[in-house]
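These notes concern the structure reproduced below.
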Amino acid sequence: MKRMSIMILFLLSLSSFAHCPIDLGKTNLCADITWVDGPYANETSHFQMLFWKRGDAEHRLVSPDYHLDIYSWMIMENGMNHGGPAMNAYEIEEGLFDIQNARFFTHGMNGHWEIRVKLSDDQGEVIVGSQRVPLSSDGNGHGGGHQH
Amino acid sequence: MSYLINKYKSYCLIFIKFTLIINLSSCGDSPFLSDETPEEIQNRDTLNSDNFEEEGSLWLRENRYQVRPLWRLGPFVADESKLLFLILDESGYPISPEYKVFLKIWMPTMGHGSFPIKVTEVGEGIFEAREIFFIMPGYWDIHFQLLDRENQLVEEVKWGLTL
């Protein structure tokens with residue numbers, strides 16, 4: 001029984017270490033996206049991006065000490081990938097970025113959207129992490145928040 | 001003679017109103033007093049495309065409308081661009097078409113469009129198009145479309161530009 005408890009505790013701690021939806025490599029940061037409104041195709045969506053130190057089970061937010069760029073990227077089935085309409089990210093609390101003008105569209109394209117975060121330092125080192133935008137086949141999302 | 005004078009006065013009033021709308025809503029210099037050199041004005045070469053019979057106009061021939069576009073912001077890659085355009089009748093007077101006016105952009109070489117454009121009629125025959133996003137550089141067609149009540153295409157004219 002004692003061994004079982006120790007095993008369960010160990011596995012739980014492993015899972016907290018493992019929870020890093022967007023792994024930002026050598027920056028030792030993790031990020032995640034929460035949808036405030038959307039995601040939608042062909043309408044403006046609103047999401048937030050949070051950052052914490054990898055391994056921190058409590059996910060205490062930290063402000064990345066890097067130049068940050070958050071943008072959308074479409075992975076097209078024909079290989080002609082491209083970016084999307086520019087969006088603006090504002091750090092509203094330490095480690096919490098708010099993006100209210102995310103725009104995704106599907107007109108005439110087969111593929112899927114990602115949100116990418118690029119961290120760069122003064123030495124030109126660039127780390128990019130990404131997460132797929134959960135738009136369904138009808139073009140709208142399952143990210144939570146109010147849906148039209 | 002008095003008919004011609006009255007017609008001229010009416011046309012002047014419309015022109016003044018249009019200029020006022022541009023200048024009052026503008027954050028910068030008036031486009032008519034621009035000091036920009038041709039090299040600084042993007043896509044100047046597209047005004048010489050086959051779509052233009054006189055500089056600055058496109059034609060929706062079936063409905064006998066002219067379309068005169070004017071960039072308010074941009075055009076940019078990735079960032080929002082805004083376009084002001086007039087729809088004129090054969091005599092050159094702004095007119096509200098009997099159909100719905102719709103704009104879309106399309107990249108023919110890549111086979112895709114972009115985010116839906118918002119079009120608002122801000123005065124009779126004067127339209128503002130915003131949330132225009134050219135998401136990548138290259139050749140784009142801007143489609144000026146007339147749609148009926150069932151959103152079926154009645155007529156369109158394309159304005160090509162390269163970013």
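Here, A, B, ... name the chains of the structure tokens in the order displayed, residue numbers run from 1 inside each chain, and ligands are numbered from 1 in the same displayed order.
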Shell of 10 Å around Pro75 of chain B, only C-alpha atoms, local chain residues under 2 positions omitted, as an MDAnalysis selection string: chainID B and resid 41:43 71:73 77:83 132:134 161:163
Selection above as a file: N, CA and C atoms, as a PDB file, in the first residue's frame:
ATOM      1  N   ILE B  41       4.373  55.551 -53.731  1.00  0.00           N
ATOM      2  CA  ILE B  41       2.978  55.139 -53.743  1.00  0.00           C
ATOM      3  C   ILE B  41       2.933  53.702 -54.232  1.00  0.00           C
ATOM      4  N   GLN B  42       2.465  52.826 -53.372  1.00  0.00           N
ATOM      5  CA  GLN B  42       2.468  51.422 -53.730  1.00  0.00           C
ATOM      6  C   GLN B  42       1.488  51.152 -54.854  1.00  0.00           C
ATOM      7  N   ASN B  43       1.876  50.238 -55.711  1.00  0.00           N
ATOM      8  CA  ASN B  43       0.995  49.680 -56.739  1.00  0.00           C
ATOM      9  C   ASN B  43       0.502  50.703 -57.731  1.00  0.00           C
ATOM     10  N   TRP B  71      -6.923  54.155 -51.651  1.00  0.00           N
ATOM     11  CA  TRP B  71      -6.443  53.557 -50.399  1.00  0.00           C
ATOM     12  C   TRP B  71      -6.446  54.595 -49.277  1.00  0.00           C
ATOM     13  N   ARG B  72      -7.088  54.241 -48.191  1.00  0.00           N
ATOM     14  CA  ARG B  72      -7.072  55.087 -46.993  1.00  0.00           C
ATOM     15  C   ARG B  72      -5.924  54.680 -46.080  1.00  0.00           C
ATOM     16  N   LEU B  73      -5.630  53.380 -46.066  1.00  0.00           N
ATOM     17  CA  LEU B  73      -4.558  52.823 -45.232  1.00  0.00           C
ATOM     18  C   LEU B  73      -3.977  51.642 -45.992  1.00  0.00           C
ATOM     19  N   VAL B  77       1.030  44.208 -46.210  1.00  0.00           N
ATOM     20  CA  VAL B  77       1.025  42.752 -46.031  1.00  0.00           C
ATOM     21  C   VAL B  77       0.841  42.487 -44.543  1.00  0.00           C
ATOM     22  N   ALA B  78      -0.103  41.663 -44.223  1.00  0.00           N
ATOM     23  CA  ALA B  78      -0.417  41.187 -42.860  1.00  0.00           C
ATOM     24  C   ALA B  78      -1.186  42.197 -42.014  1.00  0.00           C
ATOM     25  N   ASP B  79      -0.808  43.454 -42.051  1.00  0.00           N
ATOM     26  CA  ASP B  79      -1.550  44.457 -41.277  1.00  0.00           C
ATOM     27  C   ASP B  79      -2.812  44.878 -42.018  1.00  0.00           C
ATOM     28  N   GLU B  80      -3.732  45.482 -41.270  1.00  0.00           N
ATOM     29  CA  GLU B  80      -5.000  45.873 -41.868  1.00  0.00           C
ATOM     30  C   GLU B  80      -4.830  46.999 -42.878  1.00  0.00           C
ATOM     31  N   SER B  81      -5.490  46.861 -44.015  1.00  0.00           N
ATOM     32  CA  SER B  81      -5.585  47.938 -45.001  1.00  0.00           C
ATOM     33  C   SER B  81      -7.033  48.407 -45.040  1.00  0.00           C
ATOM     34  N   LYS B  82      -7.214  49.656 -45.481  1.00  0.00           N
ATOM     35  CA  LYS B  82      -8.565  50.196 -45.610  1.00  0.00           C
ATOM     36  C   LYS B  82      -8.691  50.894 -46.955  1.00  0.00           C
ATOM     37  N   LEU B  83      -9.833  50.754 -47.540  1.00  0.00           N
ATOM     38  CA  LEU B  83     -10.072  51.302 -48.871  1.00  0.00           C
ATOM     39  C   LEU B  83     -11.354  52.121 -48.854  1.00  0.00           C
ATOM     40  N   ILE B 132      -9.184  44.630 -44.394  1.00  0.00           N
ATOM     41  CA  ILE B 132      -8.603  44.023 -45.601  1.00  0.00           C
ATOM     42  C   ILE B 132      -7.219  43.527 -45.204  1.00  0.00           C
ATOM     43  N   PHE B 133      -7.018  42.239 -45.304  1.00  0.00           N
ATOM     44  CA  PHE B 133      -5.734  41.647 -44.898  1.00  0.00           C
ATOM     45  C   PHE B 133      -5.126  40.875 -46.056  1.00  0.00           C
ATOM     46  N   PHE B 134      -4.084  41.470 -46.643  1.00  0.00           N
ATOM     47  CA  PHE B 134      -3.281  40.736 -47.631  1.00  0.00           C
ATOM     48  C   PHE B 134      -2.262  39.943 -46.820  1.00  0.00           C
ATOM     49  N   LEU B 161      -3.505  43.904 -57.959  1.00  0.00           N
ATOM     50  CA  LEU B 161      -2.336  44.608 -57.427  1.00  0.00           C
ATOM     51  C   LEU B 161      -1.308  43.624 -56.931  1.00  0.00           C
ATOM     52  N   THR B 162      -0.086  44.066 -56.936  1.00  0.00           N
ATOM     53  CA  THR B 162       1.037  43.233 -56.507  1.00  0.00           C
ATOM     54  C   THR B 162       1.684  43.867 -55.281  1.00  0.00           C
ATOM     55  N   LEU B 163       1.808  43.067 -54.249  1.00  0.00           N
ATOM     56  CA  LEU B 163       2.426  43.565 -52.997  1.00  0.00           C
ATOM     57  C   LEU B 163       3.784  42.924 -52.779  1.00  0.00           C
TER      58      LEU B 163
END
What's the 7 Å shell around Ile33 of chain A, counting only C-alpha atoms, without same-chain residues fewer than 4 positions away, as a list in words? Phe47, Gln48, Met49 and Leu50 of chain A
Please produce an output containing all heavy atoms for each residue in the selection, written as a CSV table (one decimal), in the first residue's frame.
chain,number,residue,atom,x,y,z
A,47,PHE,N,-8.2,35.4,-27.4
A,47,PHE,CA,-7.6,34.4,-26.6
A,47,PHE,C,-6.5,35.0,-25.7
A,47,PHE,O,-6.1,36.2,-25.9
A,47,PHE,CB,-7.0,33.2,-27.4
A,47,PHE,CG,-5.8,33.6,-28.3
A,47,PHE,CD1,-4.5,33.5,-27.8
A,47,PHE,CD2,-5.9,34.1,-29.6
A,47,PHE,CE1,-3.4,33.8,-28.5
A,47,PHE,CE2,-4.8,34.4,-30.3
A,47,PHE,CZ,-3.5,34.3,-29.8
A,48,GLN,N,-6.1,34.2,-24.7
A,48,GLN,CA,-5.0,34.7,-23.9
A,48,GLN,C,-3.9,33.6,-23.9
A,48,GLN,O,-4.2,32.4,-24.0
A,48,GLN,CB,-5.5,34.9,-22.4
A,48,GLN,CG,-6.5,36.1,-22.4
A,48,GLN,CD,-7.0,36.4,-21.0
A,48,GLN,OE1,-7.1,35.5,-20.1
A,48,GLN,NE2,-7.3,37.6,-20.7
A,49,MET,N,-2.7,34.1,-23.7
A,49,MET,CA,-1.5,33.1,-23.7
A,49,MET,C,-0.8,33.3,-22.3
A,49,MET,O,-0.5,34.5,-21.9
A,49,MET,CB,-0.6,33.4,-24.8
A,49,MET,CG,0.5,32.3,-24.9
A,49,MET,SD,1.6,32.5,-26.4
A,49,MET,CE,0.5,31.7,-27.6
A,50,LEU,N,-0.6,32.2,-21.6
A,50,LEU,CA,0.1,32.2,-20.3
A,50,LEU,C,1.4,31.6,-20.4
A,50,LEU,O,1.6,30.6,-21.2
A,50,LEU,CB,-0.8,31.5,-19.3
A,50,LEU,CG,-2.3,31.7,-19.2
A,50,LEU,CD1,-3.0,30.9,-20.2
A,50,LEU,CD2,-2.7,31.4,-17.8
Within 9 Å of Glu114 of chain A, counting only C-alpha atoms, which residues show up once you throw out same-chain ones fewer than 4 positions away? Write them as number ranges by chain, please. A: 71-75, 130-134
With only C-alpha atoms as the atoms that count, which of A:Gly83, A:Ser45, A:Phe51, A:Asp69 lies nearest to chain B? A:Gly83
Closest contacts (chain A/chain B, max 6 Å, only C-alpha atoms) as a tab-separated table:
residue	atom	partner	partner_atom	distance
A:Asn42	CA	B:Phe115	CA	5.8
A:Gly84	CA	B:Ile135	CA	5.3
A:Pro85	CA	B:Ala78	CA	4.8
A:Ala86	CA	B:Ala78	CA	5.2
A:Phe105	CA	B:Phe115	CA	5.4
A:His107	CA	B:Gly113	CA	5.6
A:Gly108	CA	B:His112	CA	5.1
A:Met109	CA	B:His112	CA	5.9
Please produce an output containing N, CA and C atoms for each residue in the selection, written as a CSV table (one decimal), in the first residue's frame.
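Writing the result to out_6.csv gives the following:
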chain,number,residue,atom,x,y,z
A,42,ASN,N,-13.6,33.3,-39.8
A,42,ASN,CA,-14.2,34.5,-40.5
A,42,ASN,C,-14.8,35.5,-39.5
A,84,GLY,N,-1.2,34.7,-41.1
A,84,GLY,CA,-2.5,35.3,-41.2
A,84,GLY,C,-2.5,36.8,-40.9
A,85,PRO,N,-3.7,37.4,-40.7
A,85,PRO,CA,-3.8,38.8,-40.4
A,85,PRO,C,-3.0,39.0,-39.1
A,86,ALA,N,-2.3,40.2,-39.0
A,86,ALA,CA,-1.5,40.5,-37.9
A,86,ALA,C,-2.4,40.6,-36.6
A,105,PHE,N,-9.5,32.3,-41.1
A,105,PHE,CA,-10.5,32.2,-42.2
A,105,PHE,C,-10.2,30.9,-42.9
A,107,HIS,N,-11.5,30.4,-46.4
A,107,HIS,CA,-12.0,30.6,-47.8
A,107,HIS,C,-11.1,29.9,-48.8
A,108,GLY,N,-11.6,28.8,-49.3
A,108,GLY,CA,-10.9,28.2,-50.4
A,108,GLY,C,-9.6,27.5,-50.0
A,109,MET,N,-9.4,27.2,-48.8
A,109,MET,CA,-8.2,26.6,-48.3
A,109,MET,C,-8.4,25.3,-47.6
Could you jot down the atom CA of Val101 of chain B to atom CA of Glu43 of chain A separation for me, Å, one decimal place?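 Computing it gives 19.3 Å between the two atoms.
Atom CA of Glu155 of chain B is positioned 8.0 Å from atom CA of Asn63 of chain B.
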Taking 4 positions as the minimum chain separation for residues in the same chain, which residues sit within 12 Å of Leu86 of chain B when counting only C-alpha atoms? Answer as an MDAnalysis selection string. chainID B and resid 14:15 18:19 21:22 56:59 65:71 92:97 101 120:129 144
Run DSSP on the backbone and grab whatever in segment 9-142 of chain A lands in helix (DSSP H, G or I); send it over as a PyMOL selection string. chain A and resi 9-18+25-27
Those same residues - C-alpha atoms - I'd like them written as a compact mmCIF listing (two decimals), in the first residue's frame.
# COMPACT_ATOMS: atom_id res chain seq x y z
CA LEU A 9 2.46 10.45 -5.98
CA PHE A 10 5.42 9.94 -8.29
CA LEU A 11 3.18 9.55 -11.35
CA LEU A 12 1.15 12.62 -10.40
CA SER A 13 4.29 14.70 -10.05
CA LEU A 14 5.48 13.40 -13.40
CA SER A 15 2.22 14.43 -15.01
CA SER A 16 2.53 17.95 -13.61
CA PHE A 17 6.04 18.14 -15.03
CA ALA A 18 4.69 16.81 -18.30
CA GLY A 25 12.76 24.58 -25.41
CA LYS A 26 15.89 26.06 -23.89
CA THR A 27 14.00 29.03 -22.48
In Å and to one decimal, atom CA of Trp35 of chain A is distant from atom CA of Ile92 of chain A by 15.4 Å
Nearest-residue call for Lys100 of chain B, choices B:Phe76, B:Leu88, B:Glu156, B:Asn151, using only C-alpha atoms: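 Going through B:Phe76, B:Leu88, B:Glu156, B:Asn151 one by one, the smallest distance to Lys100 of chain B is for B:Asn151.
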Hey, what does DSSP flag as strand (DSSP E) within chain A? Can you give it to me as a PyMOL selection string? chain A and resi 22-23+29-37+44-53+67-76+82-83+89-93+96-103+111-120+126-132
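With distances restricted to only C-alpha atoms, A:Gly79 is the closest residue to Asn110 of chain A from A:Gly79, A:Gly38, A:Pro21, A:Pro64.
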